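Data file: upload10.cif. Format and content: mmCIF, C-alpha atoms.
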```
data_model
#
loop_
_atom_site.group_PDB
_atom_site.id
_atom_site.type_symbol
_atom_site.label_atom_id
_atom_site.label_comp_id
_atom_site.auth_asym_id
_atom_site.auth_seq_id
_atom_site.Cartn_x
_atom_site.Cartn_y
_atom_site.Cartn_z
ATOM 1 C CA MET J 1 109.543 -66.178 -83.105
ATOM 2 C CA ASN J 2 106.908 -65.865 -80.465
ATOM 3 C CA ALA J 3 103.238 -66.831 -80.224
ATOM 4 C CA ALA J 4 102.014 -63.427 -81.437
ATOM 5 C CA SER J 5 104.072 -63.623 -84.653
ATOM 6 C CA ILE J 6 102.823 -67.174 -85.325
ATOM 7 C CA ILE J 7 99.190 -66.066 -84.839
ATOM 8 C CA ALA J 8 99.796 -63.112 -87.198
ATOM 9 C CA ILE J 9 101.170 -65.448 -89.906
ATOM 10 C CA VAL J 10 98.198 -67.824 -89.447
ATOM 11 C CA LYS J 11 95.735 -64.917 -89.786
ATOM 12 C CA LYS J 12 97.584 -63.624 -92.850
ATOM 13 C CA GLN J 13 97.644 -67.066 -94.599
ATOM 14 C CA PRO J 14 94.770 -69.204 -93.137
ATOM 15 C CA VAL J 15 94.325 -71.494 -96.184
ATOM 16 C CA GLY J 16 98.010 -72.300 -96.405
ATOM 17 C CA PHE J 17 98.174 -73.009 -92.674
ATOM 18 C CA ILE J 18 95.144 -75.317 -92.792
ATOM 19 C CA CYS J 19 96.582 -77.196 -95.812
ATOM 20 C CA GLY J 20 99.935 -77.577 -94.083
ATOM 21 C CA ALA J 21 98.293 -78.853 -90.888
ATOM 22 C CA LEU J 22 96.169 -81.327 -92.862
ATOM 23 C CA SER J 23 99.243 -82.534 -94.741
ATOM 24 C CA LEU J 24 101.061 -83.058 -91.463
ATOM 25 C CA VAL J 25 98.087 -85.005 -89.993
ATOM 26 C CA CYS J 26 97.823 -87.176 -93.141
ATOM 27 C CA ALA J 27 101.571 -87.905 -93.063
ATOM 28 C CA VAL J 28 101.359 -88.964 -89.397
ATOM 29 C CA LEU J 29 98.306 -91.198 -90.094
ATOM 30 C CA LEU J 30 100.017 -92.750 -93.123
ATOM 31 C CA TYR J 31 103.084 -93.502 -91.056
ATOM 32 C CA LEU J 32 101.074 -95.010 -88.219
ATOM 33 C CA ARG J 33 98.921 -97.198 -90.526
ATOM 34 C CA SER J 34 101.544 -98.165 -93.121
ATOM 35 C CA ASP J 35 102.046 -101.603 -91.550
ATOM 36 C CA LYS J 36 98.433 -102.527 -92.383
ATOM 37 C CA ILE J 37 98.561 -101.601 -96.091
ATOM 38 C CA GLU J 38 99.229 -105.191 -97.230
ATOM 39 C CA GLU J 39 96.441 -106.488 -94.998
ATOM 40 C CA TYR J 40 94.008 -103.945 -96.432
ATOM 41 C CA GLN J 41 95.162 -104.738 -99.976
ATOM 42 C CA ALA J 42 94.547 -108.470 -99.443
ATOM 43 C CA GLU J 43 91.112 -107.736 -97.998
ATOM 44 C CA TYR J 44 90.358 -105.470 -100.962
ATOM 45 C CA ASP J 45 91.432 -108.165 -103.451
ATOM 46 C CA THR J 46 89.260 -110.777 -101.713
ATOM 47 C CA LYS J 47 86.212 -108.535 -101.721
ATOM 48 C CA SER J 48 86.829 -107.515 -105.349
ATOM 49 C CA ALA J 49 86.970 -111.168 -106.416
ATOM 50 C CA GLU J 50 83.788 -111.916 -104.470
ATOM 51 C CA ALA J 51 82.038 -108.923 -106.051
ATOM 52 C CA ALA J 52 83.125 -110.030 -109.535
ATOM 53 C CA LYS J 53 81.796 -113.531 -108.838
ATOM 54 C CA ILE J 54 78.469 -112.130 -107.633
ATOM 55 C CA LEU J 55 78.187 -109.899 -110.727
ATOM 56 C CA THR J 56 78.915 -112.876 -112.983
ATOM 57 C CA ASN J 57 76.274 -114.939 -111.180
ATOM 58 C CA VAL J 58 73.735 -112.139 -111.541
ATOM 59 C CA ARG J 59 74.487 -111.840 -115.274
ATOM 60 C CA ASN J 60 74.258 -115.617 -115.781
ATOM 61 C CA ALA J 61 71.075 -115.900 -113.729
ATOM 62 C CA LYS J 62 68.974 -113.817 -116.102
ATOM 63 C CA ASP J 63 68.208 -116.907 -118.269
ATOM 64 C CA LEU J 64 68.059 -119.313 -115.338
ATOM 65 C CA PRO J 65 64.271 -119.952 -115.327
ATOM 66 C CA GLU J 66 64.331 -120.879 -119.019
ATOM 67 C CA GLN J 67 67.359 -123.128 -118.522
ATOM 68 C CA VAL J 68 65.724 -124.884 -115.570
ATOM 69 C CA ALA J 69 62.577 -125.484 -117.629
ATOM 70 C CA GLU J 70 64.667 -126.864 -120.503
ATOM 71 C CA ILE J 71 66.568 -129.199 -118.173
ATOM 72 C CA GLN J 72 63.301 -130.425 -116.656
ATOM 73 C CA VAL J 73 61.947 -131.222 -120.140
ATOM 74 C CA LEU J 74 65.160 -133.086 -121.013
ATOM 75 C CA ALA J 75 65.044 -135.003 -117.714
ATOM 76 C CA LYS J 76 61.466 -136.110 -118.454
ATOM 77 C CA GLU J 77 62.533 -137.228 -121.937
ATOM 78 C CA LEU J 78 65.451 -139.178 -120.466
ATOM 79 C CA ASP J 79 63.186 -140.769 -117.882
ATOM 80 C CA SER J 80 60.747 -141.862 -120.589
ATOM 81 C CA ARG J 81 63.566 -143.657 -122.427
ATOM 82 C CA LEU J 82 64.639 -145.716 -119.392
ATOM 83 C CA VAL J 83 63.630 -149.336 -118.875
ATOM 84 C CA ARG J 84 62.069 -150.277 -115.534
ATOM 85 C CA ALA J 85 63.814 -153.467 -114.431
ATOM 86 C CA GLY J 86 60.785 -154.747 -112.520
ATOM 87 C CA GLN J 87 58.341 -154.340 -115.438
ATOM 88 C CA LEU J 88 59.216 -157.506 -117.339
ATOM 89 C CA ALA J 89 56.035 -157.678 -119.432
ATOM 90 C CA ILE J 90 56.323 -154.067 -120.633
ATOM 91 C CA ASN J 91 60.008 -154.554 -121.407
ATOM 92 C CA LEU J 92 59.294 -157.679 -123.471
ATOM 93 C CA GLN J 93 56.588 -155.794 -125.413
ATOM 94 C CA TYR J 94 59.356 -153.536 -126.749
ATOM 95 C CA PHE J 95 61.148 -156.508 -128.299
ATOM 96 C CA TYR J 96 57.910 -157.988 -129.678
ATOM 97 C CA LYS J 97 57.170 -154.651 -131.319
ATOM 98 C CA LEU J 98 60.631 -154.659 -132.913
ATOM 99 C CA GLU J 99 60.002 -158.233 -134.052
ATOM 100 C CA ALA J 100 56.824 -157.193 -135.861
ATOM 101 C CA GLU J 101 58.371 -154.050 -137.399
ATOM 102 C CA ASN J 102 61.381 -155.888 -138.822
ATOM 103 C CA GLU J 103 59.641 -159.117 -139.831
ATOM 104 C CA VAL J 104 62.045 -161.259 -137.823
ATOM 105 C CA LYS J 105 61.292 -164.075 -135.408
ATOM 106 C CA LEU J 106 62.339 -163.911 -131.760
ATOM 107 C CA VAL J 107 63.548 -167.398 -130.918
ATOM 108 C CA ASP J 108 64.770 -166.649 -127.408
ATOM 109 C CA ILE J 109 64.479 -163.649 -125.128
ATOM 110 C CA ARG J 110 65.605 -163.547 -121.508
ATOM 111 C CA GLN J 111 65.916 -160.619 -119.139
ATOM 112 C CA ASN J 112 68.718 -161.144 -116.622
ATOM 113 C CA ASN J 113 69.286 -159.476 -113.249
ATOM 114 C CA PRO J 114 70.107 -155.776 -113.522
ATOM 115 C CA SER J 115 73.563 -154.582 -112.553
ATOM 116 C CA GLY J 116 74.342 -151.328 -110.786
ATOM 117 C CA PRO J 117 73.662 -149.643 -107.452
ATOM 118 C CA LYS J 118 70.094 -149.404 -106.165
ATOM 119 C CA GLY J 119 68.403 -146.056 -106.674
ATOM 120 C CA SER J 120 70.510 -144.995 -109.648
ATOM 121 C CA PHE J 121 70.780 -146.022 -113.267
ATOM 122 C CA VAL J 122 71.237 -149.735 -113.892
ATOM 123 C CA TYR J 123 71.929 -151.870 -116.933
ATOM 124 C CA VAL J 124 69.192 -154.379 -117.637
ATOM 125 C CA PRO J 125 70.838 -157.242 -119.583
ATOM 126 C CA TYR J 126 69.025 -159.327 -122.195
ATOM 127 C CA ASN J 127 69.939 -162.439 -124.155
ATOM 128 C CA LEU J 128 68.189 -162.499 -127.523
ATOM 129 C CA GLY J 129 67.951 -165.016 -130.337
ATOM 130 C CA VAL J 130 66.516 -163.633 -133.576
ATOM 131 C CA GLN J 131 65.928 -165.345 -136.946
ATOM 132 C CA GLY J 132 65.566 -163.736 -140.349
ATOM 133 C CA ASN J 133 67.545 -162.860 -143.439
ATOM 134 C CA PHE J 134 70.617 -160.641 -143.209
ATOM 135 C CA LYS J 135 68.784 -157.466 -144.250
ATOM 136 C CA GLN J 136 66.037 -158.019 -141.663
ATOM 137 C CA LEU J 137 68.562 -158.746 -138.914
ATOM 138 C CA MET J 138 70.554 -155.604 -139.721
ATOM 139 C CA ALA J 139 67.336 -153.557 -139.652
ATOM 140 C CA PHE J 140 66.543 -155.136 -136.267
ATOM 141 C CA LEU J 141 69.993 -154.105 -134.983
ATOM 142 C CA ALA J 142 69.520 -150.568 -136.336
ATOM 143 C CA HIS J 143 66.160 -150.282 -134.583
ATOM 144 C CA LEU J 144 67.723 -151.462 -131.327
ATOM 145 C CA GLU J 145 70.596 -149.012 -131.642
ATOM 146 C CA ASN J 146 68.439 -146.003 -132.558
ATOM 147 C CA GLY J 147 65.306 -147.061 -130.725
ATOM 148 C CA ARG J 148 63.367 -145.699 -127.814
ATOM 149 C CA HIS J 149 65.696 -147.135 -125.155
ATOM 150 C CA PHE J 150 69.421 -146.612 -124.691
ATOM 151 C CA CYS J 151 71.052 -149.854 -125.812
ATOM 152 C CA ARG J 152 74.599 -151.178 -125.444
ATOM 153 C CA PHE J 153 75.686 -154.281 -127.366
ATOM 154 C CA SER J 154 77.881 -156.699 -125.437
ATOM 155 C CA SER J 155 78.090 -159.350 -128.152
ATOM 156 C CA ALA J 156 76.487 -160.263 -131.457
ATOM 157 C CA THR J 157 76.906 -163.535 -133.317
ATOM 158 C CA PHE J 158 75.501 -164.326 -136.756
ATOM 159 C CA THR J 159 74.929 -167.975 -137.653
ATOM 160 C CA LYS J 160 73.763 -169.146 -141.076
ATOM 161 C CA THR J 161 70.956 -171.704 -140.695
ATOM 162 C CA GLY J 162 70.220 -172.489 -144.352
ATOM 163 C CA GLY J 163 69.478 -170.596 -147.557
ATOM 164 C CA GLU J 164 69.192 -166.925 -146.707
ATOM 165 C CA ALA J 165 68.026 -167.625 -143.151
ATOM 166 C CA MET J 166 70.312 -166.593 -140.335
ATOM 167 C CA THR J 167 70.201 -166.552 -136.576
ATOM 168 C CA LEU J 168 71.485 -163.568 -134.609
ATOM 169 C CA THR J 169 72.418 -164.176 -130.994
ATOM 170 C CA LEU J 170 72.717 -160.958 -128.983
ATOM 171 C CA VAL J 171 73.704 -159.969 -125.491
ATOM 172 C CA ILE J 172 72.586 -156.390 -124.900
ATOM 173 C CA GLU J 173 72.035 -154.026 -122.006
ATOM 174 C CA LEU J 174 69.309 -151.421 -121.828
ATOM 175 C CA LEU J 175 69.763 -148.423 -119.545
ATOM 176 C CA GLY J 176 67.125 -148.347 -116.874
ATOM 177 C CA THR J 177 66.175 -147.872 -113.262
ATOM 178 C CA SER J 178 65.511 -150.444 -110.592
#
```
Kindly return the structure encoded in the file as structure tokens.
Amino acid sequence: MNAASIIAIVKKQPVGFICGALSLVCAVLLYLRSDKIEEYQAEYDTKSAEAAKILTNVRNAKDLPEQVAEIQVLAKELDSRLVRAGQLAINLQYFYKLEAENEVKLVDIRQNNPSGPKGSFVYVPYNLGVQGNFKQLMAFLAHLENGRHFCRFSSATFTKTGGEAMTLTLVIELLGTS
């Protein structure tokens, strides 16, 4: 086989020759780059995961403005239900209002020092003494529990004072800010 016979075969079958040459080039490139297949696969997997995360974020972000507005409304509602530890007179008004609504008598009310870190939520403790009949005292407790402020009961003691009259001694904490 000489050069003239090879050129004659190439001219007779140009498509087959080109396909064979391309196959040979691809085989050589595959052999030379086969050591990087795992590296490319890892890079592909990383980018696929990142793309999936971005697509999920884009899908979830379509309702984001409405969700932010809803959270802002809920945050304002939460803030309105908090007690301000430094506003003693306003805080006491809450208990006087409960006294009038439940027809009980506040015998003793003391706000103690708030507990918790500065700048975050704190518990504002109160010691209360309330007089009334059992039904009135239970209504008072229900109004505290379901009232405007978040309330946690530390202790409650009922003492019978005579007839139907009773005294309720409470230690409670209202959620607030300093």
For this session: Extract, using all atoms listed in the file, all DNA, RNA and protein residues at most 12 Å from Ser115 of chain J, discarding same-chain residues fewer than 5 positions from it, and format them as a list in words.
Result: Ala85, Ser120, Phe121, Val122, Tyr123, Val124, Pro125, Tyr126, Glu173, Leu174, Leu175, Gly176, Thr177 and Ser178 of chain J
Exercise. With distances taken over all atoms listed in the file, which of J:Gly20, J:Pro14, J:Gly147, J:Gly162 is nearest to Glu101 of chain J?
Worked result: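 For Glu101 of chain J, the nearest of the given residues is J:Gly147.
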For this session: Grab the atom CA of Gly132 of chain J to atom CA of Asn102 of chain J distance for me, in Å with one decimal place.
Result: 9.0 Å
For this session: Report as a PyMOL selection string the full result of the PyMOL selection byres ((chain J and resi 171) around 7) when it is applied to this structure.
Result: chain J and resi 126-128+153-156+170+172
For this session: List, as a count of residues only, every residue that the PyMOL selection byres ((chain J and resi 141) around 10) selects in the file provided.
Result: 18
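Minimum atom-to-atom distance to Gly129 of chain J, evaluated using all atoms listed in the file, belongs to J:Val107 out of J:Cys151, J:Ala69, J:Val107, J:Ile6.
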Could you spell out the hits of the PyMOL selection byres ((chain J and resi 106) around 8) on the shown file, as a CSV table (one decimal) with C-alpha atoms, in the frame of the given file?
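Result file is expr08.csv:
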```csv
chain,number,residue,atom,x,y,z
J,96,TYR,CA,57.9,-158.0,-129.7
J,99,GLU,CA,60.0,-158.2,-134.1
J,104,VAL,CA,62.0,-161.3,-137.8
J,105,LYS,CA,61.3,-164.1,-135.4
J,107,VAL,CA,63.5,-167.4,-130.9
J,108,ASP,CA,64.8,-166.6,-127.4
J,109,ILE,CA,64.5,-163.6,-125.1
J,128,LEU,CA,68.2,-162.5,-127.5
J,129,GLY,CA,68.0,-165.0,-130.3
J,130,VAL,CA,66.5,-163.6,-133.6
J,131,GLN,CA,65.9,-165.3,-136.9
```
For this session: Considering all atoms listed in the file, state which residue in the set J:Lys12, J:Leu74, J:Val68, J:Pro114 is at the smallest distance from Gly86 of chain J.
Result: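 The closest residue to Gly86 of chain J is J:Pro114.
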Exercise. In Å, with one decimal, what is the gap from atom CA of Glu164 of chain J to atom CA of Lys97 of chain J?
Worked result: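 So the two atoms, atom CA of Glu164 of chain J and atom CA of Lys97 of chain J, lie 23.1 Å apart.
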Exercise. What is the atom CA of Leu92 of chain J to atom CA of Gln111 of chain J distance in Å?
Worked result: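 Between atom CA of Leu92 of chain J and atom CA of Gln111 of chain J the gap is 8.4 Å.
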